[in-house]
>>> print(open('query-v2.tsv').read())   # TSV, C-alpha atoms
chain	number	residue	atom	x	y	z
A	137	MET	CA	-8.05	-167.95	-73.44
A	138	MET	CA	-11.14	-169.92	-74.31
A	139	ARG	CA	-12.62	-171.00	-77.61
A	140	VAL	CA	-16.33	-170.98	-78.44
A	141	ASP	CA	-16.47	-174.72	-77.67
A	142	ASP	CA	-14.81	-174.22	-74.28
A	143	LEU	CA	-17.23	-171.47	-73.33
A	144	VAL	CA	-20.31	-173.43	-74.36
A	145	ALA	CA	-19.00	-176.36	-72.30
A	146	ALA	CA	-18.12	-174.20	-69.27
A	147	ILE	CA	-21.40	-172.27	-69.00
A	148	SER	CA	-24.25	-174.74	-68.89
A	149	SER	CA	-27.00	-172.23	-69.69
A	150	LEU	CA	-25.20	-170.82	-72.73
A	151	GLN	CA	-26.68	-171.67	-76.14
A	152	ARG	CA	-24.14	-171.74	-78.94
A	153	SER	CA	-26.51	-170.00	-81.35
A	154	ASP	CA	-26.99	-167.16	-78.85
A	155	LEU	CA	-23.26	-166.75	-78.44
A	156	GLU	CA	-22.89	-166.58	-82.21
A	157	THR	CA	-25.52	-163.86	-82.33
A	158	TRP	CA	-23.78	-161.90	-79.58
A	159	ILE	CA	-20.50	-162.10	-81.48
A	160	ARG	CA	-22.24	-160.94	-84.66
A	161	GLU	CA	-23.85	-158.05	-82.79
A	162	GLU	CA	-20.45	-157.27	-81.23
A	163	TRP	CA	-21.74	-157.51	-77.67
A	164	VAL	CA	-18.63	-159.59	-77.11
A	165	VAL	CA	-15.52	-159.17	-79.18
A	166	PRO	CA	-13.26	-162.25	-79.27
A	167	ARG	CA	-9.83	-162.13	-80.85
A	168	GLN	CA	-9.32	-164.00	-84.06
A	169	GLU	CA	-6.18	-166.10	-84.38
A	170	ALA	CA	-5.63	-168.41	-87.36
A	171	GLY	CA	-9.37	-168.63	-87.95
A	172	THR	CA	-10.16	-169.48	-84.31
A	173	LEU	CA	-12.11	-167.14	-82.06
A	174	LEU	CA	-10.41	-166.67	-78.70
A	175	PHE	CA	-11.96	-165.12	-75.60
A	176	THR	CA	-9.79	-163.42	-72.99
A	177	ASP	CA	-10.70	-163.84	-69.31
A	178	MET	CA	-12.40	-160.49	-69.48
A	179	GLU	CA	-14.52	-161.43	-72.50
A	180	CYS	CA	-15.44	-164.70	-70.75
A	181	ALA	CA	-16.61	-162.72	-67.73
A	182	ARG	CA	-18.62	-160.51	-70.07
A	183	VAL	CA	-20.25	-163.57	-71.65
A	184	ARG	CA	-21.16	-164.76	-68.13
A	185	LEU	CA	-22.68	-161.38	-67.36
A	186	ILE	CA	-24.75	-161.47	-70.56
A	187	CYS	CA	-25.86	-165.03	-69.70
A	188	THR	CA	-27.05	-163.91	-66.26
A	189	LEU	CA	-28.84	-160.89	-67.70
A	190	HIS	CA	-30.47	-162.84	-70.50
A	191	TYR	CA	-31.20	-166.31	-69.12
A	192	GLU	CA	-31.69	-165.59	-65.42
A	193	LEU	CA	-32.88	-161.99	-65.19
A	194	GLU	CA	-34.82	-162.54	-68.43
A	195	ILE	CA	-33.79	-159.33	-70.10
A	196	ASP	CA	-34.86	-159.92	-73.68
A	197	ALA	CA	-32.70	-159.58	-76.77
A	198	GLU	CA	-34.28	-156.23	-77.65
A	199	THR	CA	-33.48	-154.64	-74.30
A	200	LEU	CA	-30.13	-156.30	-73.69
A	201	PRO	CA	-28.11	-153.94	-75.95
A	202	VAL	CA	-29.55	-150.97	-74.04
A	203	VAL	CA	-28.45	-152.48	-70.72
A	204	LEU	CA	-25.01	-153.40	-72.08
A	205	SER	CA	-24.53	-149.94	-73.51
A	206	LEU	CA	-25.35	-148.39	-70.12
A	207	VAL	CA	-23.05	-150.86	-68.36
A	208	ASP	CA	-20.25	-149.97	-70.78
A	209	GLN	CA	-20.83	-146.29	-70.23
A	210	LEU	CA	-20.78	-146.83	-66.47
A	211	TYR	CA	-17.43	-148.62	-66.59
A	212	ASP	CA	-16.02	-146.15	-69.07
A	213	THR	CA	-16.99	-143.29	-66.77
A	214	ARG	CA	-15.46	-145.07	-63.81
A	215	GLN	CA	-12.25	-145.59	-65.80
A	216	ARG	CA	-12.10	-141.89	-66.56
A	217	LEU	CA	-12.65	-141.12	-62.89
A	218	LEU	CA	-9.91	-143.59	-62.05
A	219	SER	CA	-7.50	-141.79	-64.42
A	220	LEU	CA	-8.54	-138.51	-62.90
A	221	THR	CA	-7.95	-139.91	-59.42
A	222	ALA	CA	-4.50	-141.08	-60.44
A	223	ALA	CA	-3.75	-137.67	-61.92
A	224	VAL	CA	-4.90	-135.94	-58.73
A	225	ALA	CA	-2.86	-138.39	-56.69
A	226	ALA	CA	0.25	-137.35	-58.59
A	227	GLN	CA	-0.16	-133.71	-57.53
A	228	ASP	CA	1.24	-132.32	-54.32
A	229	GLN	CA	-0.95	-132.06	-51.27
A	230	ALA	CA	-1.88	-128.42	-51.65
A	231	VAL	CA	-3.17	-129.03	-55.18
A	232	GLN	CA	-5.10	-132.13	-54.08
A	233	ALA	CA	-6.72	-130.21	-51.24
A	234	ALA	CA	-7.64	-127.36	-53.61
A	235	ILE	CA	-9.24	-129.77	-56.11
A	236	ILE	CA	-11.28	-131.49	-53.43
A	237	ALA	CA	-12.32	-128.18	-51.93
A	238	ALA	CA	-13.46	-127.03	-55.37
A	239	MET	CA	-15.59	-130.18	-55.75
A	240	GLU	CA	-17.28	-129.70	-52.39
A	241	PRO	CA	-20.92	-128.85	-53.16
A	242	ASN	CA	-21.11	-126.24	-50.38
A	243	GLY	CA	-17.63	-124.91	-51.03
A	244	GLU	CA	-16.84	-121.33	-51.99
A	245	SER	CA	-16.09	-122.17	-55.56
A	246	SER	CA	-19.30	-124.07	-56.12
A	247	HIS	CA	-22.06	-122.52	-58.11
A	248	GLY	CA	-25.54	-123.76	-58.58
A	249	ASP	CA	-27.75	-125.55	-56.12
A	250	THR	CA	-26.83	-128.62	-54.19
A	251	PRO	CA	-29.16	-131.53	-54.83
B	14	MET	CA	-23.88	-173.31	-43.65
B	15	LYS	CA	-26.43	-170.96	-45.12
B	16	ASP	CA	-29.97	-172.13	-45.61
B	17	PRO	CA	-30.79	-171.52	-49.28
B	18	TYR	CA	-34.46	-170.87	-48.53
B	19	GLU	CA	-33.53	-168.17	-46.04
B	20	THR	CA	-31.00	-166.66	-48.40
B	21	LEU	CA	-33.65	-166.21	-51.08
B	22	GLY	CA	-36.30	-165.27	-48.51
B	23	VAL	CA	-38.78	-167.93	-49.63
B	24	ASN	CA	-40.42	-170.63	-47.57
B	25	ARG	CA	-39.72	-174.28	-47.98
B	26	SER	CA	-42.88	-174.94	-49.95
B	27	ALA	CA	-42.07	-172.21	-52.50
B	28	THR	CA	-42.86	-173.06	-56.11
B	29	ASP	CA	-40.20	-172.97	-58.85
B	30	LYS	CA	-41.70	-169.69	-60.00
B	31	GLU	CA	-41.48	-168.13	-56.55
B	32	ILE	CA	-37.86	-169.20	-56.27
B	33	LYS	CA	-37.07	-167.80	-59.67
B	34	ASP	CA	-38.81	-164.51	-58.91
B	35	ALA	CA	-37.03	-164.18	-55.56
B	36	PHE	CA	-33.70	-164.83	-57.26
B	37	LYS	CA	-34.40	-162.33	-60.03
B	38	LYS	CA	-35.35	-159.65	-57.56
B	39	LEU	CA	-32.23	-160.16	-55.43
B	40	ALA	CA	-29.93	-160.57	-58.44
B	41	ARG	CA	-31.05	-157.23	-59.85
B	42	LYS	CA	-30.25	-155.64	-56.53
B	43	PHE	CA	-26.90	-157.30	-55.91
B	44	HIS	CA	-25.29	-158.33	-59.22
B	45	PRO	CA	-21.74	-157.04	-58.76
B	46	ASP	CA	-21.35	-156.08	-62.42
B	47	LEU	CA	-24.34	-153.79	-62.14
B	48	HIS	CA	-23.04	-152.27	-58.89
B	49	PRO	CA	-19.32	-151.82	-59.38
B	50	GLY	CA	-18.94	-149.49	-56.39
B	51	ASP	CA	-20.70	-151.74	-53.89
B	52	LYS	CA	-18.31	-154.06	-52.08
B	53	GLU	CA	-20.97	-156.04	-50.27
B	54	ALA	CA	-22.73	-156.85	-53.52
B	55	GLU	CA	-20.30	-159.59	-54.48
B	56	ILE	CA	-20.59	-161.43	-51.16
B	57	LYS	CA	-24.38	-161.22	-51.26
B	58	PHE	CA	-24.63	-162.21	-54.91
B	59	LYS	CA	-22.49	-165.32	-54.38
B	60	ASP	CA	-24.84	-166.49	-51.63
B	61	ILE	CA	-27.89	-165.75	-53.71
B	62	SER	CA	-26.52	-167.58	-56.77
B	63	ALA	CA	-25.47	-170.60	-54.73
B	64	ALA	CA	-28.94	-170.80	-53.16
B	65	ASN	CA	-30.56	-170.49	-56.57
B	66	ASP	CA	-28.28	-173.11	-58.14
B	67	LEU	CA	-29.36	-175.53	-55.44
B	68	LEU	CA	-33.09	-174.81	-55.39
B	69	LYS	CA	-33.73	-174.45	-59.12
B	70	ASP	CA	-32.43	-177.98	-59.68
B	71	LYS	CA	-35.30	-180.30	-58.72
B	72	GLU	CA	-33.06	-183.22	-57.85
B	73	LYS	CA	-30.63	-181.16	-55.78
B	74	ARG	CA	-33.54	-179.47	-54.01
B	75	ARG	CA	-35.13	-182.83	-53.21
B	76	ARG	CA	-31.87	-184.15	-51.82
B	77	PHE	CA	-31.33	-180.99	-49.76
B	78	ASP	CA	-34.89	-181.18	-48.36
B	79	ALA	CA	-34.34	-184.84	-47.50
B	80	GLY	CA	-31.13	-183.92	-45.67
B	81	GLU	CA	-28.97	-185.96	-48.05
B	82	ILE	CA	-26.81	-183.00	-48.99
B	83	ASP	CA	-26.14	-179.72	-47.23
B	84	ALA	CA	-25.92	-176.27	-48.73
B	85	SER	CA	-22.13	-176.33	-48.93
B	86	GLY	CA	-22.12	-178.32	-52.15
B	87	ALA	CA	-23.75	-175.41	-53.88
B	88	GLU	CA	-21.05	-172.86	-53.22
B	89	ARG	CA	-19.66	-171.55	-56.44
B	90	PRO	CA	-16.00	-171.74	-57.25
B	91	ASN	CA	-14.38	-168.33	-57.16
B	92	GLU	CA	-15.97	-166.72	-60.16
B	93	ARG	CA	-14.43	-163.62	-61.65
B	94	PHE	CA	-16.98	-161.00	-62.44
B	95	TYR	CA	-16.89	-158.63	-65.35
B	96	ARG	CA	-16.28	-155.74	-62.99
B	97	ASP	CA	-13.07	-157.40	-61.80
B	98	PHE	CA	-11.73	-156.68	-65.27
B	99	ALA	CA	-13.66	-153.66	-66.44
B	100	ASP	CA	-13.26	-151.77	-63.20
B	101	GLY	CA	-9.62	-152.48	-62.44
B	102	PRO	CA	-6.38	-150.86	-63.47
B	103	ALA	CA	-5.65	-153.69	-65.91
B	104	TYR	CA	-8.48	-152.56	-68.16
B	105	ALA	CA	-7.27	-149.11	-69.01
B	106	SER	CA	-3.53	-149.17	-68.92
B	107	HIS	CA	-3.31	-145.39	-68.81
B	108	ALA	CA	-4.97	-145.44	-65.41
B	109	ALA	CA	-2.54	-147.91	-63.93
B	110	GLN	CA	0.67	-145.98	-64.47
B	111	ASP	CA	1.66	-145.49	-60.90
B	112	GLY	CA	0.71	-148.94	-59.75
B	113	PHE	CA	-1.41	-148.02	-56.79
B	114	ALA	CA	-4.36	-146.42	-58.47
B	115	ASN	CA	-7.18	-148.90	-58.16
B	116	ASN	CA	-10.88	-148.88	-57.67
B	117	GLU	CA	-10.54	-148.79	-53.90
B	118	GLU	CA	-8.74	-145.53	-54.30
B	119	LEU	CA	-11.36	-144.35	-56.73
B	120	GLU	CA	-14.08	-145.07	-54.19
B	121	ALA	CA	-12.08	-143.31	-51.49
B	122	PHE	CA	-11.58	-140.33	-53.74
B	123	LEU	CA	-15.22	-140.16	-54.76
B	124	ALA	CA	-16.37	-140.52	-51.18
B	125	ARG	CA	-14.17	-137.62	-50.16
B	126	ALA	CA	-14.94	-135.42	-53.11
B	127	PHE	CA	-18.69	-135.90	-53.28
B	128	ALA	CA	-19.81	-136.90	-49.80
B	129	GLY	CA	-17.86	-134.18	-48.08
B	130	GLY	CA	-15.91	-136.50	-45.83
B	131	GLY	CA	-14.29	-135.15	-42.71
B	132	ARG	CA	-10.72	-136.01	-43.59
B	133	ARG	CA	-10.59	-133.78	-46.62
B	134	SER	CA	-8.09	-131.24	-45.39
B	135	GLN	CA	-5.10	-133.53	-44.82
B	136	GLY	CA	-5.69	-135.34	-48.10
B	137	THR	CA	-2.85	-137.34	-49.49
B	138	PHE	CA	-3.61	-140.45	-51.51
B	139	ARG	CA	-2.65	-143.75	-50.06
B	140	ALA	CA	-3.84	-147.25	-50.73
B	141	ARG	CA	-6.46	-148.81	-48.51
B	142	GLY	CA	-5.97	-152.33	-47.21
B	143	GLN	CA	-8.13	-155.19	-48.40
B	144	ASP	CA	-11.54	-155.87	-46.96
B	145	VAL	CA	-12.17	-159.17	-45.21
B	146	SER	CA	-15.39	-160.97	-44.39
B	147	TYR	CA	-16.41	-163.33	-41.62
B	148	VAL	CA	-19.44	-165.26	-40.50
B	149	LEU	CA	-20.33	-164.94	-36.81
B	150	PRO	CA	-22.84	-167.36	-35.24
B	151	VAL	CA	-24.76	-165.57	-32.47
B	152	GLY	CA	-27.36	-166.66	-29.94
B	153	PHE	CA	-31.00	-165.69	-30.32
B	154	LEU	CA	-31.00	-163.68	-27.08
B	155	ASP	CA	-27.74	-161.88	-27.94
B	156	VAL	CA	-29.48	-160.48	-30.97
B	157	ALA	CA	-32.74	-159.81	-29.17
B	158	LYS	CA	-31.03	-157.77	-26.48
B	159	GLY	CA	-27.78	-156.69	-28.12
B	160	ALA	CA	-24.37	-157.97	-27.04
B	161	THR	CA	-20.65	-157.67	-27.54
B	162	ARG	CA	-18.61	-160.55	-28.92
B	163	THR	CA	-14.92	-160.97	-29.44
B	164	ILE	CA	-13.82	-162.94	-32.45
B	165	THR	CA	-10.31	-164.20	-32.97
B	166	LEU	CA	-9.08	-164.05	-36.53
B	167	PRO	CA	-6.84	-166.70	-38.07
B	168	GLU	CA	-3.88	-164.30	-37.79
B	169	GLY	CA	-4.41	-164.13	-34.02
B	170	LYS	CA	-5.87	-160.63	-34.08
B	171	THR	CA	-9.05	-160.14	-32.07
B	172	LEU	CA	-12.05	-158.07	-33.10
B	173	GLN	CA	-14.70	-156.60	-30.82
B	174	VAL	CA	-18.06	-156.92	-32.50
B	175	THR	CA	-21.02	-155.01	-31.10
B	176	ILE	CA	-24.19	-156.85	-32.05
B	177	PRO	CA	-26.90	-154.21	-32.26
B	178	GLU	CA	-30.14	-154.86	-30.41
B	179	GLY	CA	-32.70	-156.25	-32.82
B	180	ALA	CA	-30.14	-157.29	-35.44
B	181	GLU	CA	-31.45	-159.70	-38.01
B	182	ASP	CA	-30.27	-163.03	-39.28
B	183	ARG	CA	-27.81	-162.61	-42.20
B	184	GLN	CA	-27.33	-158.97	-41.31
B	185	MET	CA	-23.96	-157.68	-42.41
B	186	LEU	CA	-22.02	-155.51	-39.97
B	187	ARG	CA	-19.25	-153.31	-41.26
B	188	LEU	CA	-16.31	-152.76	-38.95
B	189	LYS	CA	-14.53	-149.80	-40.34
B	190	GLU	CA	-10.80	-150.25	-40.87
B	191	GLN	CA	-10.66	-153.66	-39.19
B	192	GLY	CA	-9.61	-155.48	-42.35
B	193	MET	CA	-6.14	-155.90	-43.82
B	194	PRO	CA	-3.64	-153.10	-43.12
B	195	GLY	CA	-3.24	-150.34	-45.69
B	196	PHE	CA	-0.17	-149.39	-47.68
B	197	GLY	CA	1.90	-146.23	-47.49
B	198	GLY	CA	0.16	-145.15	-44.31
B	199	GLY	CA	-3.24	-145.71	-45.93
B	200	PRO	CA	-6.19	-146.82	-43.84
B	201	ALA	CA	-6.88	-150.49	-43.23
B	202	GLY	CA	-9.65	-152.18	-45.19
B	203	ASP	CA	-13.00	-152.91	-43.58
B	204	ALA	CA	-14.14	-156.14	-41.98
B	205	TYR	CA	-17.58	-157.38	-42.86
B	206	VAL	CA	-19.23	-159.65	-40.32
B	207	GLU	CA	-22.33	-161.57	-41.33
B	208	LEU	CA	-24.48	-162.56	-38.36
B	209	HIS	CA	-25.97	-166.03	-38.35
B	210	VAL	CA	-28.60	-166.17	-35.64
B	211	GLU	CA	-29.04	-169.52	-33.93
B	212	PRO	CA	-32.62	-170.63	-33.32
B	213	HIS	CA	-34.01	-170.52	-29.77
B	214	PRO	CA	-35.67	-173.60	-28.18
B	215	PHE	CA	-38.97	-171.78	-27.64
B	216	PHE	CA	-38.81	-168.18	-28.84
B	217	ASN	CA	-39.60	-167.55	-32.48
B	218	ARG	CA	-39.08	-164.20	-34.10
B	219	LYS	CA	-41.38	-162.71	-36.71
B	220	ASP	CA	-40.18	-159.23	-37.60
B	221	ASP	CA	-40.20	-157.41	-34.26
B	222	ASN	CA	-42.62	-159.76	-32.56
B	223	ILE	CA	-41.67	-162.77	-30.48
B	224	HIS	CA	-43.92	-165.82	-30.68
B	225	VAL	CA	-43.86	-168.41	-27.97
B	226	GLU	CA	-46.03	-171.46	-27.33
B	227	VAL	CA	-46.90	-171.77	-23.62
B	228	PRO	CA	-48.40	-174.98	-22.18
B	229	VAL	CA	-51.16	-174.56	-19.56
B	230	THR	CA	-52.86	-177.21	-17.48
B	231	LEU	CA	-56.47	-178.16	-17.97
B	232	ARG	CA	-57.37	-176.46	-14.67
B	233	GLU	CA	-55.55	-173.22	-15.63
B	234	ALA	CA	-57.33	-173.18	-18.97
B	235	VAL	CA	-60.81	-173.87	-17.63
B	236	LEU	CA	-60.70	-171.81	-14.45
B	237	GLY	CA	-58.26	-169.10	-15.52
B	238	ALA	CA	-54.97	-168.44	-13.76
B	239	ARG	CA	-52.13	-166.06	-13.14
B	240	ILE	CA	-49.00	-167.68	-14.62
B	241	GLU	CA	-45.37	-166.74	-15.28
B	242	VAL	CA	-44.15	-166.83	-18.86
B	243	PRO	CA	-40.66	-166.30	-20.25
B	244	THR	CA	-39.93	-163.19	-22.31
B	245	ILE	CA	-36.65	-162.10	-23.86
B	246	GLY	CA	-36.27	-159.73	-20.89
B	247	GLY	CA	-37.03	-162.37	-18.20
B	248	PRO	CA	-40.19	-163.91	-16.70
B	249	VAL	CA	-43.41	-161.85	-16.72
B	250	ALA	CA	-46.74	-162.62	-15.00
B	251	VAL	CA	-49.81	-162.87	-17.26
B	252	THR	CA	-53.44	-163.71	-16.70
B	253	VAL	CA	-54.83	-166.71	-18.53
B	254	PRO	CA	-58.52	-165.87	-18.98
B	255	LYS	CA	-61.16	-168.30	-17.81
B	256	GLY	CA	-62.13	-170.71	-20.59
B	257	SER	CA	-58.89	-170.38	-22.59
B	258	ASN	CA	-58.18	-173.02	-25.20
B	259	THR	CA	-55.33	-174.40	-27.23
B	260	GLY	CA	-54.69	-171.74	-29.85
B	261	THR	CA	-55.85	-168.84	-27.65
B	262	THR	CA	-53.39	-166.01	-28.22
B	263	LEU	CA	-52.38	-163.50	-25.56
B	264	ARG	CA	-50.39	-160.42	-26.38
B	265	LEU	CA	-47.76	-158.87	-24.15
B	266	ARG	CA	-47.36	-155.34	-25.41
B	267	ASP	CA	-43.85	-154.00	-25.98
B	268	ARG	CA	-42.14	-157.21	-24.87
B	269	GLY	CA	-40.78	-157.99	-28.35
B	270	ILE	CA	-37.69	-156.81	-30.18
B	271	ARG	CA	-36.83	-153.13	-30.31
B	272	ASN	CA	-37.04	-151.96	-33.91
B	273	ARG	CA	-33.71	-150.55	-35.03
B	274	LYS	CA	-35.26	-147.73	-37.00
B	275	SER	CA	-38.30	-146.64	-35.02
B	276	GLY	CA	-36.98	-147.55	-31.56
B	277	GLN	CA	-40.39	-149.09	-30.80
B	278	ARG	CA	-40.66	-152.52	-29.33
B	279	GLY	CA	-42.63	-155.30	-30.92
B	280	HIS	CA	-44.93	-157.51	-28.87
B	281	GLN	CA	-44.72	-160.99	-27.49
B	282	MET	CA	-47.46	-163.26	-28.76
B	283	ILE	CA	-48.29	-166.14	-26.44
B	284	ASN	CA	-49.97	-169.11	-28.03
B	285	LEU	CA	-51.59	-171.24	-25.34
B	286	LYS	CA	-51.52	-175.00	-25.52
B	287	VAL	CA	-53.73	-176.96	-23.12
B	288	ILE	CA	-52.16	-180.14	-21.81
B	289	LEU	CA	-53.81	-182.99	-19.98
B	290	PRO	CA	-52.46	-184.25	-16.65
B	291	ALA	CA	-49.28	-186.28	-17.04
B	292	ALA	CA	-50.19	-188.80	-14.36
B	293	GLU	CA	-53.41	-190.79	-13.94
B	294	GLU	CA	-56.28	-188.82	-12.44
B	295	PRO	CA	-58.99	-191.33	-11.45
B	296	GLU	CA	-61.29	-188.56	-10.13
B	297	LEU	CA	-61.12	-186.69	-13.43
B	298	VAL	CA	-61.90	-189.92	-15.30
B	299	ALA	CA	-64.80	-190.67	-12.96
B	300	PHE	CA	-66.13	-187.14	-13.38
B	301	LEU	CA	-65.98	-187.30	-17.20
B	302	GLU	CA	-67.76	-190.65	-17.23
B	303	THR	CA	-70.78	-189.13	-15.55
B	304	TRP	CA	-70.45	-185.63	-17.04
B	305	GLN	CA	-73.33	-184.50	-19.28
B	306	PRO	CA	-72.17	-181.45	-21.29
B	307	LYS	CA	-74.76	-178.65	-21.53
B	308	THR	CA	-74.03	-178.22	-25.23
B	309	GLN	CA	-73.29	-181.09	-27.55
B	310	GLN	CA	-69.99	-180.53	-29.26
B	311	ASP	CA	-68.79	-181.95	-32.57
B	312	PRO	CA	-65.33	-180.48	-33.17
B	313	ARG	CA	-64.81	-182.50	-36.38
B	314	LYS	CA	-68.01	-181.41	-38.07
B	315	GLU	CA	-66.19	-179.27	-40.64
B	316	MET	CA	-63.81	-182.05	-41.53
B	317	LEU	CA	-66.21	-184.84	-42.33
B	318	PRO	CA	-68.88	-185.13	-45.02
>>> encode(input="query-v2.tsv", output="structure tokens")
Amino acid sequence: MMRVDDLVAAISSLQRSDLETWIREEWVVPRQEAGTLLFTDMECARVRLICTLHYELEIDAETLPVVLSLVDQLYDTRQRLLSLTAAVAAQDQAVQAAIIAAMEPNGESSHGDTP
Amino acid sequence: MKDPYETLGVNRSATDKEIKDAFKKLARKFHPDLHPGDKEAEIKFKDISAANDLLKDKEKRRRFDAGEIDASGAERPNERFYRDFADGPAYASHAAQDGFANNEELEAFLARAFAGGGRRSQGTFRARGQDVSYVLPVGFLDVAKGATRTITLPEGKTLQVTIPEGAEDRQMLRLKEQGMPGFGGGPAGDAYVELHVEPHPFFNRKDDNIHVEVPVTLREAVLGARIEVPTIGGPVAVTVPKGSNTGTTLRLRDRGIRNRKSGQRGHQMINLKVILPAAEEPELVAFLETWQPKTQQDPRKEMLP
């Protein structure tokens, strides 16, 4: 867990005022405990990602929310795929084979054109 | 020890802007959080960031250029990327129920489902072993001609590495299933081997061409000669034309590196360098003292006002 002060000290490029804006815009969502904002390891990593995107790759404040939204959608989609994978993994082998066969683009059950 | 200039693909005289642009370009391509499914991205990005950390800091860059520090000081402590959290089972607890669902498995599943992998029919889900990465220093000629190397891992296991002909410095080889063993009968992880090509005393590589500086005697240069020059495939006879000079370039077709994609060989470029006799030559001195050149020559005309 890190506080705002810890984060500003740990990441040399990070401007406190920027971090405050990001919190206000809810690009990062720290927990609030007894009036202190606390960042989990994951939120710290997210702050680092935003720092790289903003300060080093020079993605401006207008475009940044678009990028973050796409990144979030990407991870959300991967999480859903992960759940799906786990669900498939829990089936017996015949069911797994049938699911994979059905996903095969050239398989019998496919419709539509392959890319 | 990686050379930060090479890592960013800039030359040593690069401006701050060129360094920054090179970093931006590579970071876009390899930032692990933007490429959650790409395992190599993290290794590459760490190198790129370390190189950038060193070169963007004027003082550190000066000290590196002066040889006061080496590139190792710039390596980043193990940083945890956003994808380590957002892409793992810890993020969405519902996905982690059975303990062995992870993003490796996701990749394996996706590869099988969408790429039409060959192992589809037997399909049971098992966990892959972890990937490992190594750095392998290789000789210039091993890369130029291709070679096989055996590396011994810290655990005592040995790995056969086939270095493909024409491989490039910092090229990453993937040895399928040579990493850590899998679980539950799952396949082993992959081993990634990064090639670090050692420089050669006289061959220099530029893309698929080999450049070599070849000294010739004054007599050979003035009168022309048939001489033997080294190539990556062994000595080859070439004709030095009459009246050659330092800086005259000869080209040996198809004696360079075989391009991995096109299969075509590059060329060897020979840069001649005229050298004067090593021992005293009184006759040559006597000749020059009385020699009246047909054309007056002022080789420094362009340099002086």
>>> atom_distance(input="query-v2.tsv", atom1="CA of Met137 in chain A", atom2="CA of Asp177 in chain A")
6.4 Å
>>> closest_atom_pairs(input="query-v2.tsv", of="chain A", to="chain B", cutoff="6 Å", atoms="all atoms listed in the file", output="CSV")
residue,atom,partner,partner_atom,distance
A:Met178,CA,B:Phe98,CA,5.7
A:Ala181,CA,B:Tyr95,CA,4.7
A:Arg182,CA,B:Tyr95,CA,5.4
A:Leu193,CA,B:Lys37,CA,5.4
A:Leu218,CA,B:Leu119,CA,5.6
A:Ser219,CA,B:Ala108,CA,4.6
A:Ala222,CA,B:Ala114,CA,5.7
A:Ala225,CA,B:Phe138,CA,5.6
A:Gln229,CA,B:Thr137,CA,5.9
A:Ile236,CA,B:Ala126,CA,5.4
A:Met239,CA,B:Ala126,CA,5.9
>>> atom_distance(input="query-v2.tsv", atom1="CA of Asp154 in chain A", atom2="CA of Asp60 in chain B")
27.3 Å
>>> closest_residue(input="query-v2.tsv", among="A:Leu210, A:Ala234, A:Leu220, A:Leu204", to="Leu185 in chain A", atoms="only C-alpha atoms")
A:Leu204
>>> closest_residue(input="query-v2.tsv", among="B:Leu236, B:Asp221, B:Val229, B:Ala299", to="Ser275 in chain B", atoms="only C-alpha atoms")
B:Asp221
>>> residues_around(input="query-v2.tsv", residues="Val140 in chain A", least_positions_apart="2", cutoff="8 Å", atoms="all atoms listed in the file", output="ChimeraX atom specification")
/A:138,142-144,152,173-175
>>> write_last_selection(input="query-v2.tsv", atoms="C-alpha atoms", output="mmCIF file, in the coordinates of the input")
data_model
loop_
_atom_site.group_PDB
_atom_site.id
_atom_site.type_symbol
_atom_site.label_atom_id
_atom_site.label_comp_id
_atom_site.auth_asym_id
_atom_site.auth_seq_id
_atom_site.Cartn_x
_atom_site.Cartn_y
_atom_site.Cartn_z
ATOM 1 C CA MET A 138 -11.140 -169.920 -74.310
ATOM 2 C CA ASP A 142 -14.810 -174.220 -74.280
ATOM 3 C CA LEU A 143 -17.230 -171.470 -73.330
ATOM 4 C CA VAL A 144 -20.310 -173.430 -74.360
ATOM 5 C CA ARG A 152 -24.140 -171.740 -78.940
ATOM 6 C CA LEU A 173 -12.110 -167.140 -82.060
ATOM 7 C CA LEU A 174 -10.410 -166.670 -78.700
ATOM 8 C CA PHE A 175 -11.960 -165.120 -75.600
#
>>> residues_near_point(input="query-v2.tsv", point="(-25.7, -152.7, -75.3)", cutoff="12 Å", atoms="all atoms listed in the file", output="list in words")
Trp158, Glu161, Glu162, Trp163, Val164, Arg182, Ile186, Leu189, Ile195, Asp196, Ala197, Glu198, Thr199, Leu200, Pro201, Val202, Val203, Leu204, Ser205, Leu206, Val207, Asp208, Gln209 and Leu210 of chain A
>>> closest_residue(input="query-v2.tsv", among="B:Val23, B:Val174, B:Ile32, B:Ala180", to="Glu192 in chain A", atoms="all atoms listed in the file")
B:Ile32
>>> atom_distance(input="query-v2.tsv", atom1="CA of Val242 in chain B", atom2="CA of Glu296 in chain B")
29.0 Å
>>> closest_residue(input="query-v2.tsv", among="B:Arg218, B:Arg278, B:His224, B:Lys15", to="Ala84 in chain B", atoms="only C-alpha atoms")
B:Lys15
>>> closest_residue(input="query-v2.tsv", among="B:Thr308, B:Thr20, B:Ser257, B:Thr171", to="Arg232 in chain B", atoms="only C-alpha atoms")
B:Ser257
>>> closest_residue(input="query-v2.tsv", among="A:Leu150, A:Asp228, A:Ala238, A:Arg139", to="Gly171 in chain A", atoms="all atoms listed in the file")
A:Arg139
>>> residues_around(input="query-v2.tsv", residues="Asn258 in chain B", least_positions_apart="4", cutoff="12 Å", atoms="all atoms listed in the file", output="list in words")
Val227, Pro228, Val229, Thr230, Leu231, Arg232, Glu233, Ala234, Val235, Leu236, Gly237, Val253, Pro254, Thr262, Leu263, Asn284, Leu285, Lys286, Val287 and Ile288 of chain B
